[in-house]
file run_26.cif (mmCIF, C-alpha atoms)
data_work
loop_
_atom_site.label_atom_id
_atom_site.label_comp_id
_atom_site.auth_asym_id
_atom_site.auth_seq_id
_atom_site.Cartn_x
_atom_site.Cartn_y
_atom_site.Cartn_z
CA MET A 21 -0.75 -25.82 8.39
CA PRO A 22 -2.18 -22.73 6.68
CA ILE A 23 -5.34 -24.44 5.38
CA LYS A 24 -7.99 -24.77 8.06
CA GLN A 25 -11.53 -23.66 7.29
CA VAL A 26 -13.93 -25.65 5.07
CA LEU A 27 -15.99 -23.54 2.66
CA THR A 28 -19.09 -25.40 1.48
CA ASN A 29 -20.39 -22.44 -0.56
CA PRO A 30 -18.66 -22.69 -3.97
CA THR A 31 -19.02 -18.97 -4.80
CA GLU A 32 -17.41 -18.09 -1.46
CA ALA A 33 -14.67 -20.66 -2.17
CA LEU A 34 -13.95 -19.16 -5.62
CA LYS A 35 -13.87 -15.61 -4.28
CA ASN A 36 -11.47 -16.44 -1.45
CA PHE A 37 -9.23 -18.49 -3.72
CA PHE A 38 -8.72 -15.75 -6.30
CA ARG A 39 -8.06 -13.15 -3.60
CA SER A 40 -4.94 -15.15 -2.78
CA HIS A 41 -3.96 -15.92 -6.40
CA ALA A 42 -2.06 -13.15 -8.22
CA SER A 43 -2.19 -12.44 -11.95
CA GLY A 44 -0.46 -10.38 -14.61
CA VAL A 45 -2.30 -7.41 -16.09
CA ALA A 46 -2.82 -6.92 -19.85
CA ILE A 47 -4.87 -4.62 -22.05
CA VAL A 48 -6.88 -6.10 -24.93
CA THR A 49 -7.89 -3.84 -27.83
CA GLY A 50 -10.12 -4.44 -30.86
CA LYS A 51 -12.76 -2.58 -32.83
CA SER A 52 -16.52 -2.60 -33.12
CA ASP A 53 -18.42 -3.30 -36.37
CA ALA A 54 -18.71 0.48 -36.71
CA GLY A 55 -14.91 0.81 -36.44
CA GLU A 56 -14.93 2.30 -32.92
CA PRO A 57 -11.92 1.35 -30.71
CA LEU A 58 -12.71 -1.19 -27.98
CA GLY A 59 -10.54 -2.32 -25.11
CA PHE A 60 -10.39 -3.47 -21.52
CA THR A 61 -7.98 -4.47 -18.78
CA ALA A 62 -7.71 -8.27 -18.52
CA THR A 63 -6.19 -10.45 -15.83
CA SER A 64 -7.01 -13.81 -17.49
CA LEU A 65 -4.64 -13.80 -20.47
CA THR A 66 -2.51 -16.94 -20.66
CA SER A 67 -0.44 -18.93 -23.15
CA LEU A 68 -2.06 -21.98 -24.80
CA GLY A 69 1.05 -23.50 -26.34
CA SER A 70 3.83 -22.32 -28.60
CA ASN A 71 3.50 -24.67 -31.60
CA PRO A 72 1.42 -23.12 -33.07
CA PRO A 73 1.52 -20.03 -30.81
CA LEU A 74 -1.88 -19.65 -29.13
CA VAL A 75 -3.36 -17.68 -26.23
CA SER A 76 -6.63 -17.79 -24.32
CA PHE A 77 -8.51 -15.28 -22.20
CA ASN A 78 -11.89 -15.11 -20.48
CA VAL A 79 -14.57 -12.47 -20.96
CA ALA A 80 -18.14 -11.84 -19.79
CA GLN A 81 -20.75 -12.17 -22.55
CA GLY A 82 -22.24 -8.94 -21.22
CA ALA A 83 -19.08 -6.95 -22.02
CA SER A 84 -19.42 -4.25 -24.70
CA PHE A 85 -16.44 -5.86 -26.45
CA TYR A 86 -18.11 -9.28 -26.66
CA PRO A 87 -20.10 -8.93 -29.96
CA SER A 88 -16.80 -8.11 -31.76
CA LEU A 89 -14.98 -11.17 -30.43
CA VAL A 90 -15.82 -13.45 -33.35
CA SER A 91 -13.74 -15.98 -35.24
CA GLY A 92 -11.30 -14.17 -37.57
CA ALA A 93 -11.36 -10.85 -35.69
CA ILE A 94 -8.00 -9.23 -34.86
CA VAL A 95 -7.15 -8.14 -31.29
CA ASN A 96 -3.99 -6.67 -29.74
CA PHE A 97 -2.80 -7.75 -26.29
CA HIS A 98 -0.54 -5.32 -24.41
CA ALA A 99 1.68 -6.54 -21.56
CA LEU A 100 1.81 -3.82 -18.92
CA GLY A 101 4.71 -2.64 -16.77
CA SER A 102 4.35 -1.28 -13.24
CA ASP A 103 4.55 2.27 -14.61
CA ASN A 104 1.46 1.60 -16.79
CA LEU A 105 -0.84 1.70 -13.76
CA ASP A 106 -2.74 4.71 -15.18
CA LEU A 107 -3.44 2.77 -18.39
CA ALA A 108 -4.65 -0.31 -16.48
CA VAL A 109 -6.99 1.84 -14.38
CA ARG A 110 -8.30 3.81 -17.37
CA LEU A 111 -9.08 0.71 -19.47
CA ALA A 112 -10.85 -0.83 -16.47
CA GLY A 113 -12.89 2.32 -15.86
CA SER A 114 -15.64 4.23 -17.65
CA LYS A 115 -16.00 3.19 -21.33
CA THR A 116 -16.27 6.81 -22.47
CA ASP A 117 -12.79 7.66 -21.08
CA ARG A 118 -10.79 4.73 -22.43
CA PHE A 119 -9.70 6.22 -25.77
CA THR A 120 -9.98 9.98 -25.19
CA ALA A 121 -6.24 10.51 -24.49
CA SER A 122 -3.82 10.72 -27.41
CA ASP A 123 -1.55 7.91 -26.14
CA TRP A 124 -2.74 5.35 -28.71
CA ALA A 125 -2.89 5.01 -32.50
CA ALA A 126 -4.67 2.56 -34.80
CA ASP A 127 -2.32 0.09 -36.53
CA SER A 128 -2.67 -1.21 -40.11
CA ASP A 129 -5.57 -3.45 -38.97
CA GLY A 130 -7.32 -0.45 -37.42
CA ILE A 131 -6.73 -1.80 -33.88
CA ALA A 132 -5.49 0.47 -31.09
CA VAL A 133 -1.84 0.23 -29.97
CA PHE A 134 -0.81 1.86 -26.69
CA ASP A 135 2.89 2.59 -27.19
CA ALA A 136 3.50 2.93 -23.45
CA ALA A 137 2.94 -0.83 -22.91
CA THR A 138 5.96 -3.13 -22.47
CA ASN A 139 5.18 -5.14 -25.59
CA LEU A 140 2.33 -6.47 -27.69
CA ILE A 141 1.01 -9.50 -29.54
CA LYS A 142 -1.43 -9.23 -32.42
CA CYS A 143 -3.81 -12.22 -32.50
CA ARG A 144 -6.58 -13.58 -34.71
CA ILE A 145 -9.51 -15.13 -32.86
CA ARG A 146 -9.89 -18.83 -33.66
CA GLN A 147 -12.69 -19.98 -31.37
CA VAL A 148 -15.09 -18.62 -28.75
CA VAL A 149 -16.34 -21.15 -26.20
CA GLU A 150 -19.45 -19.90 -24.42
CA VAL A 151 -19.75 -21.10 -20.83
CA GLU A 152 -22.78 -19.89 -18.87
CA GLN A 153 -22.61 -16.04 -18.86
CA ASN A 154 -18.92 -15.95 -19.84
CA ALA A 155 -16.69 -17.21 -22.63
CA VAL A 156 -13.19 -18.54 -23.22
CA VAL A 157 -11.65 -16.85 -26.27
CA ILE A 158 -8.89 -18.77 -28.10
CA ALA A 159 -6.64 -16.85 -30.50
CA ASP A 160 -3.64 -17.47 -32.78
CA VAL A 161 -0.65 -15.15 -32.41
CA VAL A 162 0.05 -13.37 -35.71
CA SER A 163 2.96 -11.01 -34.87
CA GLY A 164 4.33 -8.83 -32.10
CA LEU A 165 5.90 -5.55 -31.01
CA LEU A 166 8.79 -5.74 -28.57
CA GLY A 167 9.91 -3.11 -26.07
CA GLU A 168 12.51 -2.92 -23.34
CA PRO A 169 12.20 -5.46 -20.48
CA ARG A 170 10.85 -3.90 -17.29
CA GLN A 171 8.98 -4.77 -14.13
CA PRO A 172 5.47 -6.19 -14.76
CA LEU A 173 2.19 -4.87 -13.37
CA LEU A 174 0.39 -7.37 -11.09
CA TYR A 175 -3.08 -7.72 -9.63
CA HIS A 176 -3.54 -9.39 -6.26
CA ASN A 177 -6.25 -9.23 -3.60
CA ARG A 178 -8.00 -6.43 -5.54
CA LYS A 179 -4.85 -4.30 -5.55
CA PHE A 180 -2.42 -3.39 -8.32
CA ALA A 181 1.18 -4.13 -7.30
CA THR A 182 4.76 -4.47 -8.48
CA ILE A 183 6.82 -7.65 -8.46
CA GLY A 184 9.08 -8.31 -5.46
CA GLU A 185 12.13 -10.41 -4.68
CA GLU A 186 13.35 -13.10 -7.09
CA LEU A 187 13.19 -16.48 -5.31
CA LEU A 188 14.51 -18.92 -7.93
CA ASP A 189 15.71 -18.76 -11.52
CA ASN A 190 13.91 -21.54 -13.40
CA SER A 191 15.44 -20.87 -16.86
CA SER A 192 17.37 -24.13 -16.96
CA ASN A 193 14.28 -26.19 -16.04
CA SER A 194 12.44 -27.83 -18.93
CA ARG A 195 9.08 -27.13 -17.29
CA LYS A 196 6.51 -25.50 -19.57
CA MET B 221 7.97 4.79 -25.99
CA PRO B 222 8.88 1.34 -24.73
CA ILE B 223 7.54 -0.57 -27.77
CA LYS B 224 9.93 -0.43 -30.72
CA GLN B 225 10.86 -3.67 -32.47
CA VAL B 226 8.47 -5.48 -34.87
CA LEU B 227 8.41 -9.29 -34.47
CA THR B 228 7.06 -10.99 -37.60
CA ASN B 229 7.66 -14.51 -36.24
CA PRO B 230 4.56 -15.34 -34.15
CA THR B 231 6.34 -17.94 -31.96
CA GLU B 232 9.04 -15.38 -31.13
CA ALA B 233 6.30 -12.81 -30.43
CA LEU B 234 4.48 -15.18 -28.04
CA LYS B 235 7.69 -16.12 -26.21
CA ASN B 236 8.75 -12.50 -25.70
CA PHE B 237 5.28 -11.44 -24.63
CA PHE B 238 4.93 -14.04 -21.88
CA ARG B 239 8.44 -13.32 -20.57
CA SER B 240 7.11 -9.88 -19.66
CA HIS B 241 3.71 -11.06 -18.39
CA ALA B 242 3.65 -12.36 -14.80
CA SER B 243 1.32 -15.04 -13.43
CA GLY B 244 0.23 -16.59 -10.16
CA VAL B 245 1.36 -20.12 -9.34
CA ALA B 246 -1.04 -22.94 -8.40
CA ILE B 247 -0.81 -26.69 -7.96
CA VAL B 248 -3.45 -28.93 -9.55
CA THR B 249 -4.00 -32.43 -8.16
CA GLY B 250 -6.13 -35.35 -9.34
CA LYS B 251 -5.89 -39.11 -9.65
CA SER B 252 -5.29 -41.63 -12.41
CA ASP B 253 -7.74 -44.40 -13.34
CA ALA B 254 -5.58 -46.68 -11.19
CA GLY B 255 -6.02 -44.30 -8.22
CA GLU B 256 -2.45 -42.95 -8.31
CA PRO B 257 -2.04 -39.29 -7.26
CA LEU B 258 -1.38 -36.87 -10.13
CA GLY B 259 -0.40 -33.22 -9.98
CA PHE B 260 1.53 -30.40 -11.56
CA THR B 261 2.43 -26.75 -11.11
CA ALA B 262 0.20 -24.51 -13.25
CA THR B 263 0.52 -20.85 -14.17
CA SER B 264 -2.63 -20.68 -16.34
CA LEU B 265 -5.40 -20.98 -13.73
CA THR B 266 -7.95 -18.19 -13.97
CA SER B 267 -11.52 -17.41 -12.93
CA LEU B 268 -14.30 -17.87 -15.51
CA GLY B 269 -17.09 -16.11 -13.67
CA SER B 270 -18.67 -16.31 -10.25
CA ASN B 271 -22.32 -17.13 -11.06
CA PRO B 272 -21.98 -20.10 -11.28
CA PRO B 273 -18.39 -20.23 -9.98
CA LEU B 274 -16.14 -21.53 -12.78
CA VAL B 275 -12.41 -21.70 -13.51
CA SER B 276 -10.32 -22.54 -16.55
CA PHE B 277 -6.74 -23.69 -17.04
CA ASN B 278 -4.60 -24.84 -19.95
CA VAL B 279 -2.73 -28.14 -20.24
CA ALA B 280 -0.67 -29.98 -22.86
CA GLN B 281 -2.37 -33.08 -24.25
CA GLY B 282 0.98 -34.84 -23.81
CA ALA B 283 0.91 -34.35 -20.02
CA SER B 284 0.65 -37.54 -17.91
CA PHE B 285 -2.32 -35.91 -16.17
CA TYR B 286 -4.23 -35.37 -19.41
CA PRO B 287 -6.04 -38.75 -19.78
CA SER B 288 -7.61 -38.19 -16.33
CA LEU B 289 -8.93 -34.72 -17.15
CA VAL B 290 -12.36 -35.86 -18.33
CA SER B 291 -15.80 -34.43 -17.78
CA GLY B 292 -16.98 -35.22 -14.23
CA ALA B 293 -13.47 -35.79 -12.80
CA ILE B 294 -12.59 -34.01 -9.54
CA VAL B 295 -9.42 -31.89 -9.23
CA ASN B 296 -8.05 -29.73 -6.40
CA PHE B 297 -6.39 -26.37 -7.11
CA HIS B 298 -3.98 -25.05 -4.47
CA ALA B 299 -3.09 -21.35 -4.34
CA LEU B 300 0.56 -21.07 -3.32
CA GLY B 301 2.28 -18.56 -1.05
CA SER B 302 5.85 -17.34 -1.48
CA ASP B 303 6.99 -19.82 1.19
CA ASN B 304 5.61 -22.70 -0.94
CA LEU B 305 8.46 -22.37 -3.44
CA ASP B 306 9.69 -25.93 -2.66
CA LEU B 307 6.23 -27.32 -3.45
CA ALA B 308 6.01 -25.38 -6.74
CA VAL B 309 9.45 -26.66 -7.79
CA ARG B 310 8.71 -30.26 -6.75
CA LEU B 311 5.38 -30.45 -8.62
CA ALA B 312 7.07 -28.99 -11.71
CA GLY B 313 9.95 -31.49 -11.51
CA SER B 314 10.38 -35.24 -11.92
CA LYS B 315 7.05 -37.13 -11.79
CA THR B 316 8.50 -39.81 -9.47
CA ASP B 317 9.30 -37.23 -6.75
CA ARG B 318 6.03 -35.32 -6.67
CA PHE B 319 4.20 -37.40 -4.03
CA THR B 320 7.02 -39.11 -2.12
CA ALA B 321 7.07 -36.62 0.80
CA SER B 322 4.46 -36.94 3.54
CA ASP B 323 3.17 -33.36 3.19
CA TRP B 324 -0.09 -34.37 1.49
CA ALA B 325 -3.12 -36.56 2.21
CA ALA B 326 -5.96 -37.81 0.04
CA ASP B 327 -9.31 -36.14 0.77
CA SER B 328 -12.73 -37.86 0.73
CA ASP B 329 -12.64 -37.86 -3.10
CA GLY B 330 -9.20 -39.53 -3.03
CA ILE B 331 -7.52 -36.36 -4.38
CA ALA B 332 -4.29 -35.06 -2.86
CA VAL B 333 -4.42 -32.00 -0.57
CA PHE B 334 -1.16 -30.19 0.26
CA ASP B 335 -1.89 -28.55 3.61
CA ALA B 336 0.99 -26.10 3.23
CA ALA B 337 -0.82 -24.24 0.41
CA THR B 338 -2.59 -20.96 1.17
CA ASN B 339 -6.02 -22.30 0.25
CA LEU B 340 -7.79 -24.65 -2.10
CA ILE B 341 -10.78 -25.06 -4.40
CA LYS B 342 -12.23 -28.44 -5.28
CA CYS B 343 -13.62 -28.48 -8.83
CA ARG B 344 -15.52 -30.84 -11.12
CA ILE B 345 -14.44 -30.80 -14.76
CA ARG B 346 -17.25 -29.65 -17.05
CA GLN B 347 -15.64 -29.45 -20.49
CA VAL B 348 -12.28 -30.05 -22.17
CA VAL B 349 -11.67 -28.02 -25.35
CA GLU B 350 -8.85 -29.52 -27.41
CA VAL B 351 -6.83 -26.94 -29.36
CA GLU B 352 -3.94 -28.26 -31.45
CA GLN B 353 -1.59 -30.08 -28.99
CA ASN B 354 -3.08 -28.41 -25.92
CA ALA B 355 -6.46 -28.07 -24.21
CA VAL B 356 -8.50 -25.58 -22.22
CA VAL B 357 -10.09 -27.30 -19.21
CA ILE B 358 -13.26 -25.71 -17.79
CA ALA B 359 -14.37 -26.72 -14.29
CA ASP B 360 -17.13 -25.92 -11.78
CA VAL B 361 -16.07 -24.98 -8.25
CA VAL B 362 -17.60 -27.43 -5.73
CA SER B 363 -16.16 -26.29 -2.37
CA GLY B 364 -13.00 -24.88 -0.81
CA LEU B 365 -10.51 -24.89 2.04
CA LEU B 366 -9.45 -21.53 3.43
CA GLY B 367 -6.17 -20.66 5.14
CA GLU B 368 -4.57 -17.49 6.47
CA PRO B 369 -3.94 -14.70 3.92
CA ARG B 370 -0.27 -14.41 2.94
CA GLN B 371 1.98 -13.24 0.14
CA PRO B 372 1.40 -15.10 -3.16
CA LEU B 373 4.00 -16.96 -5.22
CA LEU B 374 4.55 -15.46 -8.68
CA TYR B 375 6.19 -16.57 -11.90
CA HIS B 376 7.80 -13.98 -14.20
CA ASN B 377 10.49 -14.17 -16.87
CA ARG B 378 11.17 -17.83 -15.95
CA LYS B 379 11.78 -16.94 -12.30
CA PHE B 380 9.72 -17.54 -9.17
CA ALA B 381 9.24 -14.32 -7.21
CA THR B 382 7.33 -12.64 -4.38
CA ILE B 383 4.93 -9.74 -4.76
CA GLY B 384 6.27 -6.19 -4.28
CA GLU B 385 4.87 -2.78 -3.47
CA GLU B 386 1.12 -2.11 -3.51
CA LEU B 387 0.38 0.57 -6.15
CA LEU B 388 -3.39 1.04 -5.89
CA ASP B 389 -6.26 -0.46 -3.91
CA ASN B 390 -9.01 -1.33 -6.40
CA SER B 391 -11.50 -2.80 -3.89
CA SER B 392 -14.07 -0.04 -4.35
CA ASN B 393 -13.99 -0.36 -8.17
CA SER B 394 -16.79 -2.39 -9.74
CA ARG B 395 -14.34 -3.89 -12.29
CA LYS B 396 -14.50 -7.68 -12.59
#
call {"tool": "encode", "arguments": {"input": "run_26.cif", "output": "structure tokens"}}
result
Amino acid sequence: MPIKQVLTNPTEALKNFFRSHASGVAIVTGKSDAGEPLGFTATSLTSLGSNPPLVSFNVAQGASFYPSLVSGAIVNFHALGSDNLDLAVRLAGSKTDRFTASDWAADSDGIAVFDAATNLIKCRIRQVVEVEQNAVVIADVVSGLLGEPRQPLLYHNRKFATIGEELLDNSSNSRK
Amino acid sequence: MPIKQVLTNPTEALKNFFRSHASGVAIVTGKSDAGEPLGFTATSLTSLGSNPPLVSFNVAQGASFYPSLVSGAIVNFHALGSDNLDLAVRLAGSKTDRFTASDWAADSDGIAVFDAATNLIKCRIRQVVEVEQNAVVIADVVSGLLGEPRQPLLYHNRKFATIGEELLDNSSNSRK
């Protein structure tokens, strides 16, 4: 029976829970009102249905990106492979270093695309739901860029990691 | 340059993107108005800030669980380890089989707890944001149950998998 200790402090409970819960790693890019490139490494990106195609992600209202996340704004989400570790670390680090390398280019919407990512979806923000000091951002998928399949980059227990052994192929299951 | 093909169909773009984006696997449990246990396997659970501790997850409005996901309702989230594959498959399968085994018990709120999970957070639903045929559910963390650390269960490209090699320890980074 792995579960044993009761945690009455909810912050402690949250912290311990998400140490044991892994997530995929993506990069979100957009632009400021002044046209400056914006971006950060996100571990909260998830699908919100396929008809119509929608995604959601969570962001702190204190983030420098936040004022640009308004209804109608365009953002690009990049799925990262395990060999994009440098990109994940850079876009999670100092803001002044995120776009200094020449490994990105602005697309026709003026939003940064990092070609080294596995693939990309371009989205238009539909709704921003403010919750305390954070927000849930809901966006419609507009189009995509597709690369070669490869191993994903993961985040678990405050460490970046690769994926391991396949346990079960669920392709034939109707589960969403 | 891994990215090469343009996808103009947004549904196709979404589908391809999330095949390459991995996620952690959790089980959500609750109860119906009649007191029946409810639960399903979720890959959309994510943190929504730690002060106050909040989480969000996405659900289809057509899910049998959906009518019970109302403001004030209590739900339990279970983080799963790689040896909880059977539990993940069962709670994603036929509704009639989900609670027939004796590996769960109702807690003091009458909500199912699967002891085999790595750990658990008990949450109170704060807000349900309906978006097309789906919804974002926002919940406050109330308390938790803590087990031994172990390898997480992952979902990637419609396959359950374990975690692989550690690439970088990010513990000293201030990144959220």
call {"tool": "closest_residue", "arguments": {"input": "run_26.cif", "among": "B:Leu274, B:Ile247, B:Ala242, B:Val279", "to": "Val351 (chain B)", "atoms": "all atoms listed in the file"}}
result
B:Val279
call {"tool": "residues_around", "arguments": {"input": "run_26.cif", "residues": "Asp160 (chain A)", "least_positions_apart": "5", "cutoff": "12 Å", "atoms": "all atoms listed in the file", "output": "VMD selection string"}}
result
(chain A and resid 67 to 77 91 to 97 141 to 147) or (chain B and resid 230 to 231 233 to 234 351 to 352)
call {"tool": "closest_residue", "arguments": {"input": "run_26.cif", "among": "B:Asn278, B:Thr338, B:Ser288, B:Thr263", "to": "Asn36 (chain A)", "atoms": "only C-alpha atoms"}}
result
B:Thr338
call {"tool": "closest_residue", "arguments": {"input": "run_26.cif", "among": "A:Thr61, A:Asn104, A:Ser122, A:Thr66", "to": "chain B", "atoms": "all atoms listed in the file"}}
result
A:Thr66
call {"tool": "atom_distance", "arguments": {"input": "run_26.cif", "atom1": "CA of Ser243 (chain B)", "atom2": "CA of Lys35 (chain A)"}}
result
17.7 Å
call {"tool": "atom_distance", "arguments": {"input": "run_26.cif", "atom1": "CA of Ser391 (chain B)", "atom2": "CA of Phe180 (chain A)"}}
result
10.1 Å
call {"tool": "resolve_selection", "arguments": {"input": "run_26.cif", "expression": "the PyMOL selection byres ((chain B and resi 337) around 7)", "output": "JSON, numbers by chain"}}
result
{"A": [22, 23], "B": [298, 299, 300, 301, 304, 334, 335, 336, 338, 339]}
call {"tool": "closest_residue", "arguments": {"input": "run_26.cif", "among": "B:Ala359, B:Ala283, B:Ala312, B:Ala325", "to": "chain A", "atoms": "all atoms listed in the file"}}
result
B:Ala312
